[in-house]
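Peer 1: This structure is in structure tokens; I'll ask about it shortly.
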Amino acid sequence: MASVPKRPKVPRRRGGRDTGHRDPGSGLRGHPRFTPASHPQAAAGGSARGQRSADPLSGFLAWCGRAGVQLSPKVRLSRAGAVAGYGMLAAAELQAGEVLCSVPRAALLSQHTSAIRGLLRDAQESLQSQSGWVPLLLALLHEYTASSSPWQPYFSLWQDFRSLDHPMFWPEEERTRLLQGTGIPEAVDKDLANIHLEYSSIILPFMKAHPKIFDPKLHTLELYKELVAFVMAYSFQEPLEEEDEDEKGPNPPMMVPVADILNHVANHNANLEYSPQCLRMVTTQPISKGQEIFNTYGQMANWQLLHMYGFAEPYPGNSNDTADIQMVTVRKAALQRASSEAQQQLVAEQWDFLCQLEMVGEEGAFVLGWDEVLTEEELSTTLKVLCMSEEEFKEYKEQDAWEDNSEEEENSTLSNEALSRLKTPCKKLLYDSVLLTLESYGSDLKAEQDLLNNKEAYEKLSRREQQALHVRYGQKRILHQLLELVH
């Protein structure tokens with residue numbers, strides 16, 4: 001559902017969450033560091049099943065005990081001390097490699113464990129969609145609204161999903177005003193179009209075919225949209241085995257109680273590991289008592305974090321932040337410097353050639369990181385071709401340009417140092433492209449910097465304004481850094 005750009009192969013969370021190694025072991029039942037039902041925080045929950053608890057965390061922890069979810073006594077779940085919502089905190093010193101929680105596969109909420117799994121399995125061909133999320137979303141629609149669902153204590157942690165504040169829930173005017181130039185408004189527009197299409201063409205027909213289970217008056221488009229955001233922000237996708245990556249599509253998303261409570265930072269201290277019997281959250285470094293424990297959602301730029309999870313990391317915390325230059329912006333910069341009709345025609349031919357090479361596309365973007373260009377082959381080839389004279393371009397096409405040039409490939413990494421050594425015409429084209437990109441924002445870098453440096457003014461901003469500021473500022477810093485490198 002979410003519009004995520006192509007990136008290097010990295011672990012991704014929730015709609016592609018953190019991978020971890022496959023462990024052939026038998027899980028952690030009876031592990032001496034765990035006491036499932038008798039966990040001190042789980043003892044108070046009692047009978048939350050089938051109803052929303054007045055004390056949702058106690059009810060959830062009691063459910064964990066019944067479901068066989070094992071929580072280390074060295075951790076606690078709490079709102080207090082967490083950066084946002086619920087979080088997991090260290091109740092004692094932790095070493096690298098310690099298991100924080102173990103979730104048996106029977107406790108996962110997915111299309112394979114829902115009470116309507118049989119219906120979903122029988123209808124799987126008619127439930128196929130671009131997102132691949134429809135079966136899980138139907139399972140969530142049913143389990144969330146069924147008072148007898150065994151996952152009610154889990155859902156009670158979110159009550160009515162009002163804590164979800166993805167940009168898709170912002171008024172369009174506010175979304176455009178705060179996020180212009182970041183790529184988020186365009187991604188949200190695609191999401192909303194996909195949500196409406198899936199609901200009308202797949203969800204409604206399925207519900208009408210099963211009126212004893214679903215009611216369109218209860219299972220509304222609005223609830224469906226909230227559950228899409230819930231899946232965006234809290235689901236995991238189990239990685240494929242390496243030998244299956246080229247043959248199978250991605251695994252469907254699933255909800256992983258307890259593991260999904262952990263918040264994210266780029267410099268995380270825990271990650272999720274998968275085994276045939278259970279999923280385990282494991283520390284990756286020592287953690288001090290009282291410190292929050294963070295998972296990673298993958299190498300996510302701030303715009304992706306805000307789009308899919310509803311938050312961004314303040315500068316300079318997100319070492320994975322990126323800025324985009326739209327591919328058509330580079331074409332525009334090349335056309336602007338073409339002083340004759342013949343030169344403009346040459347640019348058009350060069351662009352068509354790059355499209356045939358699959359280096360560029362009308363909706364594609366060149367992705368810039370703090371230290372290097374992440375789409376280095378695409379950008380280096382595009383700059384080289386668009387800066388060729390008519391004679392050079394003719395010769396290049398006649399040569400073996402369609403085949404990989406091993407020598408060029410070895411030297412194709414566009415680090416910051418390599419960017420500073422680009423040939424002058426390539427530097428000028430890239431410089432002009434960055435200037436055009438910066439014009440797409442509604443404010444300049446200095447205005448953002450002044451706002452961040454003024455604590456009183458910053459604290460007066462709404463939460464949405466603050467999150468949008470972090471996205472814009474990080475992108476502009478990367479773009480201005482590039483300007484300095486190629487000036």
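Chain labels A, B, ... are given in the sequence in which chains occur in the structure tokens; within each chain residues are numbered consecutively from 1, and ligands are likewise numbered from 1 in the order shown.
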When you look at segment 413-418 of chain A with a cut-off of 7 Å (counting only C-alpha atoms), what residues show up, excluding the ones that are within fewer than 4 positions of it in the same chain? I need them as a list in words.
Peer 2: Asp371, Glu372, Val373, Glu376 and Leu422 of chain A
Peer 1: May I have the residues from that selection written out with all heavy atoms, as a PDB file, in the first residue's frame?
Peer 2:
```pdb
ATOM      1  N   ASP A 371      26.341  10.484   2.730  1.00  0.00           N
ATOM      2  CA  ASP A 371      27.722  10.207   2.332  1.00  0.00           C
ATOM      3  C   ASP A 371      27.886   9.810   0.873  1.00  0.00           C
ATOM      4  O   ASP A 371      29.002   9.798   0.363  1.00  0.00           O
ATOM      5  CB  ASP A 371      28.310   9.091   3.208  1.00  0.00           C
ATOM      6  CG  ASP A 371      28.247   9.439   4.685  1.00  0.00           C
ATOM      7  OD1 ASP A 371      28.615  10.581   5.020  1.00  0.00           O
ATOM      8  OD2 ASP A 371      27.841   8.577   5.481  1.00  0.00           O
ATOM      9  N   GLU A 372      26.796   9.444   0.219  1.00  0.00           N
ATOM     10  CA  GLU A 372      26.904   8.982  -1.157  1.00  0.00           C
ATOM     11  C   GLU A 372      25.544   9.013  -1.829  1.00  0.00           C
ATOM     12  O   GLU A 372      24.509   9.170  -1.169  1.00  0.00           O
ATOM     13  CB  GLU A 372      27.468   7.556  -1.199  1.00  0.00           C
ATOM     14  CG  GLU A 372      26.568   6.534  -0.535  1.00  0.00           C
ATOM     15  CD  GLU A 372      27.161   5.132  -0.555  1.00  0.00           C
ATOM     16  OE1 GLU A 372      28.274   4.952  -1.082  1.00  0.00           O
ATOM     17  OE2 GLU A 372      26.498   4.215  -0.045  1.00  0.00           O
ATOM     18  N   VAL A 373      25.565   8.856  -3.146  1.00  0.00           N
ATOM     19  CA  VAL A 373      24.330   8.722  -3.917  1.00  0.00           C
ATOM     20  C   VAL A 373      23.932   7.250  -3.883  1.00  0.00           C
ATOM     21  O   VAL A 373      24.730   6.366  -4.210  1.00  0.00           O
ATOM     22  CB  VAL A 373      24.542   9.189  -5.370  1.00  0.00           C
ATOM     23  CG1 VAL A 373      23.273   8.975  -6.190  1.00  0.00           C
ATOM     24  CG2 VAL A 373      24.952  10.657  -5.399  1.00  0.00           C
ATOM     25  N   GLU A 376      23.562   5.382  -7.541  1.00  0.00           N
ATOM     26  CA  GLU A 376      24.767   5.907  -8.202  1.00  0.00           C
ATOM     27  C   GLU A 376      24.848   5.551  -9.684  1.00  0.00           C
ATOM     28  O   GLU A 376      25.226   6.386 -10.513  1.00  0.00           O
ATOM     29  CB  GLU A 376      26.047   5.445  -7.470  1.00  0.00           C
ATOM     30  CG  GLU A 376      26.367   3.956  -7.549  1.00  0.00           C
ATOM     31  CD  GLU A 376      25.613   3.126  -6.546  1.00  0.00           C
ATOM     32  OE1 GLU A 376      24.924   3.705  -5.694  1.00  0.00           O
ATOM     33  OE2 GLU A 376      25.718   1.899  -6.631  1.00  0.00           O
ATOM     34  N   LEU A 422      33.523  15.177 -10.278  1.00  0.00           N
ATOM     35  CA  LEU A 422      32.799  15.069 -11.544  1.00  0.00           C
ATOM     36  C   LEU A 422      33.313  16.095 -12.549  1.00  0.00           C
ATOM     37  O   LEU A 422      33.815  17.163 -12.181  1.00  0.00           O
ATOM     38  CB  LEU A 422      31.301  15.306 -11.322  1.00  0.00           C
ATOM     39  CG  LEU A 422      30.495  14.206 -10.625  1.00  0.00           C
ATOM     40  CD1 LEU A 422      29.087  14.710 -10.344  1.00  0.00           C
ATOM     41  CD2 LEU A 422      30.454  12.929 -11.455  1.00  0.00           C
TER      42      LEU A 422
END
```
Peer 1: Find the residues near segment 93-108 of chain A: any atom within 10 Å, counting only C-alpha atoms, skip ones fewer than 2 places away on the same chain, and give them as a PyMOL selection string.
Peer 2: chain A and resi 27-29+31+33-34+36+63-64+66-76+88+90-91+110-114+150-151+254-259+269-291+293
Peer 1: Gly87 of chain A: which residues within 7 Å, counting only C-alpha atoms, same-chain residues fewer than 5 positions away excluded, as JSON, numbers by chain?
Peer 2: {"A": [77, 78, 79, 82, 261, 262, 263]}
Peer 1: I need the residue nearest Asp160 of chain A from this list: A:Glu222, A:Glu125, A:Ala80, A:Ala468. Use only C-alpha atoms for the distance.
Peer 2: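 Of all the options, A:Glu222 lies closest to Asp160 of chain A.
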Peer 1: Could you tell me how far atom CA of Tyr431 of chain A lies from atom CA of Leu483 of chain A, in Å and to one decimal?
Peer 2: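 Here the two named atoms are 5.9 Å from each other.
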Peer 1: As number ranges by chain, please: all residues of segment 324-411 of chain A that backbone DSSP puts in strand (DSSP E or B).
Peer 2: A: 324-326, 365-368, 372-373
Peer 1: Measure the distance from atom CA of Leu227 of chain A to atom CA of Gln466 of chain A in Å and round it to one decimal.
Peer 2: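 That distance, rounded to one decimal, is 24.9 Å.
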Peer 1: Residues of segment 124-242 of chain A classed as helix (DSSP H, G or I) by DSSP on the backbone are to be reported as a PDB file with N, CA and C atoms, in the first residue's frame.
Peer 2:
```pdb
ATOM      1  N   GLN A 124      -8.633 -16.822  -1.760  1.00  0.00           N
ATOM      2  CA  GLN A 124      -7.348 -16.148  -1.932  1.00  0.00           C
ATOM      3  C   GLN A 124      -7.149 -15.568  -3.336  1.00  0.00           C
ATOM      4  N   GLU A 125      -7.659 -16.234  -4.362  1.00  0.00           N
ATOM      5  CA  GLU A 125      -7.469 -15.706  -5.719  1.00  0.00           C
ATOM      6  C   GLU A 125      -8.210 -14.386  -5.919  1.00  0.00           C
ATOM      7  N   SER A 126      -9.397 -14.273  -5.346  1.00  0.00           N
ATOM      8  CA  SER A 126     -10.180 -13.042  -5.514  1.00  0.00           C
ATOM      9  C   SER A 126      -9.704 -11.924  -4.588  1.00  0.00           C
ATOM     10  N   LEU A 127      -8.815 -12.241  -3.645  1.00  0.00           N
ATOM     11  CA  LEU A 127      -8.336 -11.239  -2.695  1.00  0.00           C
ATOM     12  C   LEU A 127      -6.961 -10.697  -3.061  1.00  0.00           C
ATOM     13  N   VAL A 134      -4.619  -7.332   1.577  1.00  0.00           N
ATOM     14  CA  VAL A 134      -6.062  -7.496   1.757  1.00  0.00           C
ATOM     15  C   VAL A 134      -6.438  -8.631   2.708  1.00  0.00           C
ATOM     16  N   PRO A 135      -5.852  -9.844   2.605  1.00  0.00           N
ATOM     17  CA  PRO A 135      -6.239 -10.904   3.540  1.00  0.00           C
ATOM     18  C   PRO A 135      -5.997 -10.531   5.008  1.00  0.00           C
ATOM     19  N   LEU A 136      -4.857  -9.916   5.308  1.00  0.00           N
ATOM     20  CA  LEU A 136      -4.612  -9.498   6.692  1.00  0.00           C
ATOM     21  C   LEU A 136      -5.607  -8.425   7.106  1.00  0.00           C
ATOM     22  N   LEU A 137      -5.901  -7.482   6.217  1.00  0.00           N
ATOM     23  CA  LEU A 137      -6.828  -6.403   6.567  1.00  0.00           C
ATOM     24  C   LEU A 137      -8.237  -6.938   6.817  1.00  0.00           C
ATOM     25  N   LEU A 138      -8.666  -7.924   6.056  1.00  0.00           N
ATOM     26  CA  LEU A 138      -9.963  -8.549   6.331  1.00  0.00           C
ATOM     27  C   LEU A 138      -9.946  -9.271   7.673  1.00  0.00           C
ATOM     28  N   ALA A 139      -8.840  -9.949   7.977  1.00  0.00           N
ATOM     29  CA  ALA A 139      -8.715 -10.596   9.285  1.00  0.00           C
ATOM     30  C   ALA A 139      -8.797  -9.570  10.409  1.00  0.00           C
ATOM     31  N   LEU A 140      -8.143  -8.419  10.222  1.00  0.00           N
ATOM     32  CA  LEU A 140      -8.178  -7.367  11.240  1.00  0.00           C
ATOM     33  C   LEU A 140      -9.570  -6.751  11.364  1.00  0.00           C
ATOM     34  N   LEU A 141     -10.244  -6.518  10.234  1.00  0.00           N
ATOM     35  CA  LEU A 141     -11.612  -5.994  10.281  1.00  0.00           C
ATOM     36  C   LEU A 141     -12.495  -6.901  11.148  1.00  0.00           C
ATOM     37  N   HIS A 142     -12.347  -8.214  10.968  1.00  0.00           N
ATOM     38  CA  HIS A 142     -13.165  -9.154  11.742  1.00  0.00           C
ATOM     39  C   HIS A 142     -12.735  -9.202  13.204  1.00  0.00           C
ATOM     40  N   GLU A 143     -11.458  -9.419  13.456  1.00  0.00           N
ATOM     41  CA  GLU A 143     -10.993  -9.612  14.837  1.00  0.00           C
ATOM     42  C   GLU A 143     -11.162  -8.342  15.686  1.00  0.00           C
ATOM     43  N   TYR A 144     -10.965  -7.185  15.067  1.00  0.00           N
ATOM     44  CA  TYR A 144     -11.074  -5.931  15.820  1.00  0.00           C
ATOM     45  C   TYR A 144     -12.498  -5.668  16.279  1.00  0.00           C
ATOM     46  N   THR A 145     -13.478  -6.090  15.488  1.00  0.00           N
ATOM     47  CA  THR A 145     -14.879  -5.787  15.814  1.00  0.00           C
ATOM     48  C   THR A 145     -15.618  -6.968  16.439  1.00  0.00           C
ATOM     49  N   GLN A 152      -8.588  -9.337  21.480  1.00  0.00           N
ATOM     50  CA  GLN A 152      -9.125  -8.085  22.008  1.00  0.00           C
ATOM     51  C   GLN A 152      -8.177  -7.385  22.988  1.00  0.00           C
ATOM     52  N   PRO A 153      -7.518  -8.101  23.910  1.00  0.00           N
ATOM     53  CA  PRO A 153      -6.573  -7.404  24.804  1.00  0.00           C
ATOM     54  C   PRO A 153      -5.419  -6.755  24.041  1.00  0.00           C
ATOM     55  N   TYR A 154      -5.025  -7.338  22.928  1.00  0.00           N
ATOM     56  CA  TYR A 154      -3.983  -6.745  22.080  1.00  0.00           C
ATOM     57  C   TYR A 154      -4.493  -5.451  21.453  1.00  0.00           C
ATOM     58  N   PHE A 155      -5.703  -5.493  20.875  1.00  0.00           N
ATOM     59  CA  PHE A 155      -6.264  -4.284  20.268  1.00  0.00           C
ATOM     60  C   PHE A 155      -6.508  -3.175  21.283  1.00  0.00           C
ATOM     61  N   PRO A 167       0.328  11.120   7.801  1.00  0.00           N
ATOM     62  CA  PRO A 167      -0.112  12.227   6.940  1.00  0.00           C
ATOM     63  C   PRO A 167      -1.377  11.925   6.149  1.00  0.00           C
ATOM     64  N   MET A 168      -1.724  10.648   5.947  1.00  0.00           N
ATOM     65  CA  MET A 168      -2.960  10.345   5.236  1.00  0.00           C
ATOM     66  C   MET A 168      -4.198  10.828   5.998  1.00  0.00           C
ATOM     67  N   PHE A 169      -4.047  11.057   7.312  1.00  0.00           N
ATOM     68  CA  PHE A 169      -5.170  11.541   8.115  1.00  0.00           C
ATOM     69  C   PHE A 169      -5.173  13.064   8.247  1.00  0.00           C
ATOM     70  N   GLU A 172      -5.947  17.794   3.557  1.00  0.00           N
ATOM     71  CA  GLU A 172      -5.099  17.940   2.369  1.00  0.00           C
ATOM     72  C   GLU A 172      -4.357  19.262   2.349  1.00  0.00           C
ATOM     73  N   GLU A 173      -5.017  20.323   2.774  1.00  0.00           N
ATOM     74  CA  GLU A 173      -4.370  21.644   2.784  1.00  0.00           C
ATOM     75  C   GLU A 173      -3.163  21.642   3.712  1.00  0.00           C
ATOM     76  N   GLU A 174      -3.311  21.040   4.902  1.00  0.00           N
ATOM     77  CA  GLU A 174      -2.212  20.997   5.868  1.00  0.00           C
ATOM     78  C   GLU A 174      -1.079  20.111   5.350  1.00  0.00           C
ATOM     79  N   ARG A 175      -1.446  18.999   4.755  1.00  0.00           N
ATOM     80  CA  ARG A 175      -0.440  18.080   4.210  1.00  0.00           C
ATOM     81  C   ARG A 175       0.386  18.770   3.127  1.00  0.00           C
ATOM     82  N   THR A 176      -0.283  19.483   2.241  1.00  0.00           N
ATOM     83  CA  THR A 176       0.424  20.178   1.164  1.00  0.00           C
ATOM     84  C   THR A 176       1.286  21.302   1.712  1.00  0.00           C
ATOM     85  N   ARG A 177       0.735  22.076   2.630  1.00  0.00           N
ATOM     86  CA  ARG A 177       1.466  23.234   3.178  1.00  0.00           C
ATOM     87  C   ARG A 177       2.727  22.811   3.927  1.00  0.00           C
ATOM     88  N   LEU A 178       2.619  21.758   4.731  1.00  0.00           N
ATOM     89  CA  LEU A 178       3.751  21.363   5.571  1.00  0.00           C
ATOM     90  C   LEU A 178       4.751  20.458   4.861  1.00  0.00           C
ATOM     91  N   LEU A 179       4.288  19.726   3.855  1.00  0.00           N
ATOM     92  CA  LEU A 179       5.138  18.679   3.281  1.00  0.00           C
ATOM     93  C   LEU A 179       5.449  18.880   1.805  1.00  0.00           C
ATOM     94  N   ILE A 184       6.042  13.305   0.206  1.00  0.00           N
ATOM     95  CA  ILE A 184       4.999  12.643   0.987  1.00  0.00           C
ATOM     96  C   ILE A 184       3.599  12.886   0.427  1.00  0.00           C
ATOM     97  N   PRO A 185       3.229  14.109   0.048  1.00  0.00           N
ATOM     98  CA  PRO A 185       1.862  14.304  -0.471  1.00  0.00           C
ATOM     99  C   PRO A 185       1.559  13.407  -1.669  1.00  0.00           C
ATOM    100  N   GLU A 186       2.529  13.234  -2.562  1.00  0.00           N
ATOM    101  CA  GLU A 186       2.319  12.386  -3.732  1.00  0.00           C
ATOM    102  C   GLU A 186       2.159  10.921  -3.319  1.00  0.00           C
ATOM    103  N   ALA A 187       2.965  10.475  -2.342  1.00  0.00           N
ATOM    104  CA  ALA A 187       2.858   9.095  -1.860  1.00  0.00           C
ATOM    105  C   ALA A 187       1.509   8.854  -1.191  1.00  0.00           C
ATOM    106  N   VAL A 188       1.033   9.833  -0.425  1.00  0.00           N
ATOM    107  CA  VAL A 188      -0.264   9.706   0.244  1.00  0.00           C
ATOM    108  C   VAL A 188      -1.392   9.643  -0.780  1.00  0.00           C
ATOM    109  N   ASP A 189      -1.309  10.476  -1.816  1.00  0.00           N
ATOM    110  CA  ASP A 189      -2.349  10.446  -2.856  1.00  0.00           C
ATOM    111  C   ASP A 189      -2.463   9.053  -3.478  1.00  0.00           C
ATOM    112  N   LYS A 190      -1.323   8.422  -3.737  1.00  0.00           N
ATOM    113  CA  LYS A 190      -1.337   7.063  -4.285  1.00  0.00           C
ATOM    114  C   LYS A 190      -1.933   6.080  -3.282  1.00  0.00           C
ATOM    115  N   ASP A 191      -1.556   6.229  -2.012  1.00  0.00           N
ATOM    116  CA  ASP A 191      -2.100   5.342  -0.979  1.00  0.00           C
ATOM    117  C   ASP A 191      -3.616   5.442  -0.912  1.00  0.00           C
ATOM    118  N   LEU A 192      -4.130   6.664  -0.858  1.00  0.00           N
ATOM    119  CA  LEU A 192      -5.574   6.859  -0.710  1.00  0.00           C
ATOM    120  C   LEU A 192      -6.322   6.310  -1.924  1.00  0.00           C
ATOM    121  N   ALA A 193      -5.743   6.502  -3.111  1.00  0.00           N
ATOM    122  CA  ALA A 193      -6.384   5.951  -4.314  1.00  0.00           C
ATOM    123  C   ALA A 193      -6.415   4.427  -4.247  1.00  0.00           C
ATOM    124  N   ASN A 194      -5.311   3.811  -3.794  1.00  0.00           N
ATOM    125  CA  ASN A 194      -5.256   2.349  -3.673  1.00  0.00           C
ATOM    126  C   ASN A 194      -6.228   1.837  -2.617  1.00  0.00           C
ATOM    127  N   ILE A 195      -6.331   2.562  -1.494  1.00  0.00           N
ATOM    128  CA  ILE A 195      -7.237   2.165  -0.415  1.00  0.00           C
ATOM    129  C   ILE A 195      -8.681   2.163  -0.913  1.00  0.00           C
ATOM    130  N   HIS A 196      -9.075   3.232  -1.584  1.00  0.00           N
ATOM    131  CA  HIS A 196     -10.445   3.315  -2.094  1.00  0.00           C
ATOM    132  C   HIS A 196     -10.720   2.222  -3.127  1.00  0.00           C
ATOM    133  N   LEU A 197      -9.739   1.972  -3.993  1.00  0.00           N
ATOM    134  CA  LEU A 197      -9.913   0.947  -5.015  1.00  0.00           C
ATOM    135  C   LEU A 197     -10.043  -0.439  -4.389  1.00  0.00           C
ATOM    136  N   GLU A 198      -9.168  -0.765  -3.440  1.00  0.00           N
ATOM    137  CA  GLU A 198      -9.223  -2.077  -2.789  1.00  0.00           C
ATOM    138  C   GLU A 198     -10.534  -2.262  -2.029  1.00  0.00           C
ATOM    139  N   TYR A 199     -10.945  -1.239  -1.336  1.00  0.00           N
ATOM    140  CA  TYR A 199     -12.167  -1.361  -0.533  1.00  0.00           C
ATOM    141  C   TYR A 199     -13.386  -1.578  -1.432  1.00  0.00           C
ATOM    142  N   SER A 200     -13.483  -0.800  -2.504  1.00  0.00           N
ATOM    143  CA  SER A 200     -14.679  -0.894  -3.355  1.00  0.00           C
ATOM    144  C   SER A 200     -14.686  -2.135  -4.235  1.00  0.00           C
ATOM    145  N   SER A 201     -13.507  -2.553  -4.714  1.00  0.00           N
ATOM    146  CA  SER A 201     -13.471  -3.633  -5.697  1.00  0.00           C
ATOM    147  C   SER A 201     -13.200  -5.013  -5.104  1.00  0.00           C
ATOM    148  N   ILE A 202     -12.629  -5.065  -3.876  1.00  0.00           N
ATOM    149  CA  ILE A 202     -12.288  -6.362  -3.277  1.00  0.00           C
ATOM    150  C   ILE A 202     -12.981  -6.569  -1.931  1.00  0.00           C
ATOM    151  N   ILE A 203     -12.850  -5.588  -1.037  1.00  0.00           N
ATOM    152  CA  ILE A 203     -13.377  -5.743   0.326  1.00  0.00           C
ATOM    153  C   ILE A 203     -14.906  -5.809   0.330  1.00  0.00           C
ATOM    154  N   LEU A 204     -15.558  -4.840  -0.315  1.00  0.00           N
ATOM    155  CA  LEU A 204     -17.030  -4.820  -0.299  1.00  0.00           C
ATOM    156  C   LEU A 204     -17.645  -6.087  -0.908  1.00  0.00           C
ATOM    157  N   PRO A 205     -17.197  -6.539  -2.075  1.00  0.00           N
ATOM    158  CA  PRO A 205     -17.761  -7.789  -2.610  1.00  0.00           C
ATOM    159  C   PRO A 205     -17.561  -8.977  -1.669  1.00  0.00           C
ATOM    160  N   PHE A 206     -16.417  -9.056  -1.015  1.00  0.00           N
ATOM    161  CA  PHE A 206     -16.173 -10.159  -0.081  1.00  0.00           C
ATOM    162  C   PHE A 206     -17.118 -10.059   1.115  1.00  0.00           C
ATOM    163  N   MET A 207     -17.305  -8.850   1.636  1.00  0.00           N
ATOM    164  CA  MET A 207     -18.201  -8.677   2.788  1.00  0.00           C
ATOM    165  C   MET A 207     -19.639  -9.024   2.415  1.00  0.00           C
ATOM    166  N   LYS A 208     -20.065  -8.610   1.214  1.00  0.00           N
ATOM    167  CA  LYS A 208     -21.439  -8.907   0.784  1.00  0.00           C
ATOM    168  C   LYS A 208     -21.659 -10.400   0.579  1.00  0.00           C
ATOM    169  N   ALA A 209     -20.572 -11.118   0.274  1.00  0.00           N
ATOM    170  CA  ALA A 209     -20.676 -12.565   0.109  1.00  0.00           C
ATOM    171  C   ALA A 209     -20.726 -13.303   1.446  1.00  0.00           C
ATOM    172  N   LEU A 221     -15.251   2.103   5.201  1.00  0.00           N
ATOM    173  CA  LEU A 221     -14.044   2.557   4.517  1.00  0.00           C
ATOM    174  C   LEU A 221     -13.123   3.269   5.499  1.00  0.00           C
ATOM    175  N   GLU A 222     -13.697   4.056   6.405  1.00  0.00           N
ATOM    176  CA  GLU A 222     -12.874   4.797   7.368  1.00  0.00           C
ATOM    177  C   GLU A 222     -12.119   3.838   8.284  1.00  0.00           C
ATOM    178  N   LEU A 223     -12.793   2.797   8.772  1.00  0.00           N
ATOM    179  CA  LEU A 223     -12.117   1.809   9.612  1.00  0.00           C
ATOM    180  C   LEU A 223     -11.047   1.091   8.794  1.00  0.00           C
ATOM    181  N   TYR A 224     -11.352   0.778   7.552  1.00  0.00           N
ATOM    182  CA  TYR A 224     -10.377   0.116   6.686  1.00  0.00           C
ATOM    183  C   TYR A 224      -9.125   0.978   6.532  1.00  0.00           C
ATOM    184  N   LYS A 225      -9.319   2.280   6.345  1.00  0.00           N
ATOM    185  CA  LYS A 225      -8.180   3.190   6.203  1.00  0.00           C
ATOM    186  C   LYS A 225      -7.348   3.217   7.485  1.00  0.00           C
ATOM    187  N   GLU A 226      -8.014   3.211   8.636  1.00  0.00           N
ATOM    188  CA  GLU A 226      -7.286   3.193   9.909  1.00  0.00           C
ATOM    189  C   GLU A 226      -6.482   1.904  10.063  1.00  0.00           C
ATOM    190  N   LEU A 227      -7.056   0.798   9.623  1.00  0.00           N
ATOM    191  CA  LEU A 227      -6.355  -0.479   9.724  1.00  0.00           C
ATOM    192  C   LEU A 227      -5.185  -0.549   8.739  1.00  0.00           C
ATOM    193  N   VAL A 228      -5.300   0.100   7.582  1.00  0.00           N
ATOM    194  CA  VAL A 228      -4.158   0.199   6.680  1.00  0.00           C
ATOM    195  C   VAL A 228      -3.007   0.917   7.384  1.00  0.00           C
ATOM    196  N   ALA A 229      -3.306   2.027   8.056  1.00  0.00           N
ATOM    197  CA  ALA A 229      -2.274   2.754   8.791  1.00  0.00           C
ATOM    198  C   ALA A 229      -1.703   1.899   9.919  1.00  0.00           C
ATOM    199  N   PHE A 230      -2.566   1.106  10.567  1.00  0.00           N
ATOM    200  CA  PHE A 230      -2.130   0.207  11.630  1.00  0.00           C
ATOM    201  C   PHE A 230      -1.141  -0.829  11.085  1.00  0.00           C
ATOM    202  N   VAL A 231      -1.448  -1.381   9.915  1.00  0.00           N
ATOM    203  CA  VAL A 231      -0.547  -2.352   9.290  1.00  0.00           C
ATOM    204  C   VAL A 231       0.749  -1.666   8.861  1.00  0.00           C
ATOM    205  N   MET A 232       0.641  -0.468   8.294  1.00  0.00           N
ATOM    206  CA  MET A 232       1.837   0.297   7.929  1.00  0.00           C
ATOM    207  C   MET A 232       2.774   0.440   9.132  1.00  0.00           C
ATOM    208  N   ALA A 233       2.191   0.813  10.254  1.00  0.00           N
ATOM    209  CA  ALA A 233       2.999   1.205  11.400  1.00  0.00           C
ATOM    210  C   ALA A 233       3.415   0.057  12.297  1.00  0.00           C
ATOM    211  N   TYR A 234       2.673  -1.047  12.302  1.00  0.00           N
ATOM    212  CA  TYR A 234       2.926  -2.069  13.319  1.00  0.00           C
ATOM    213  C   TYR A 234       3.131  -3.486  12.799  1.00  0.00           C
ATOM    214  N   GLU A 242      17.162 -16.934   1.247  1.00  0.00           N
ATOM    215  CA  GLU A 242      17.876 -16.411   0.081  1.00  0.00           C
ATOM    216  C   GLU A 242      17.531 -17.162  -1.197  1.00  0.00           C
TER     217      GLU A 242
END
```
Peer 1: Between A:Leu383, A:Leu485, A:Leu109, A:Leu479, which one has atoms that come closest to Val330 of chain A, using only C-alpha atoms?
Peer 2: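 Among A:Leu383, A:Leu485, A:Leu109, A:Leu479, it is A:Leu383 that comes nearest to Val330 of chain A.
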Peer 1: Using only C-alpha atoms for the distances, tell me which of A:Met300, A:Val385, A:Leu357, A:Leu435 is nearest to Ala333 of chain A.
Peer 2: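 That would be A:Leu435, the residue with the smallest distance to Ala333 of chain A.
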Peer 1: Would you mind listing what lies within 7 Å of Glu378 of chain A as JSON, numbers by chain, with only C-alpha atoms counted and same-chain residues fewer than 4 positions away left out?
Peer 2: {"A": [359, 360, 382]}
Peer 1: Restricting the output to C-alpha atoms, write the selected residues as a PDB file, in the first residue's frame.
Peer 2:
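As a result, part.pdb now contains:
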```
ATOM      1  CA  MET A 359      18.140   4.272 -16.079  1.00  0.00           C
ATOM      2  CA  VAL A 360      15.355   6.854 -15.793  1.00  0.00           C
ATOM      3  CA  THR A 382      22.257  10.050 -16.697  1.00  0.00           C
TER       4      THR A 382
END
```
Peer 1: One decimal, Å: what's the distance from atom CA of Val265 of chain A over to atom CA of Ser319 of chain A, could you say?
Peer 2: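 Going from atom CA of Val265 of chain A over to atom CA of Ser319 of chain A, I get 9.6 Å.
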Peer 1: Which of these residues is nearest to Trp303 of chain A, using only C-alpha atoms: A:Arg121, A:Leu379, A:Gln467, A:Gly249?
Peer 2: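 Looking at the shortest contact to Trp303 of chain A, the residue is A:Gln467.
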Peer 1: Find the residues around Lys428 of chain A up to 9 Å (only C-alpha atoms counted), leave out those fewer than 5 positions away in its own chain, and share them as a PyMOL selection string.
Peer 2: chain A and resi 423+433+486-487
Peer 1: For Ala301 of chain A, which of A:Gln343, A:Asn267, A:Gln130, A:Gln475 is the closest residue, counting only C-alpha atoms?
Peer 2: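 Result for the nearest residue to Ala301 of chain A: A:Gln475.
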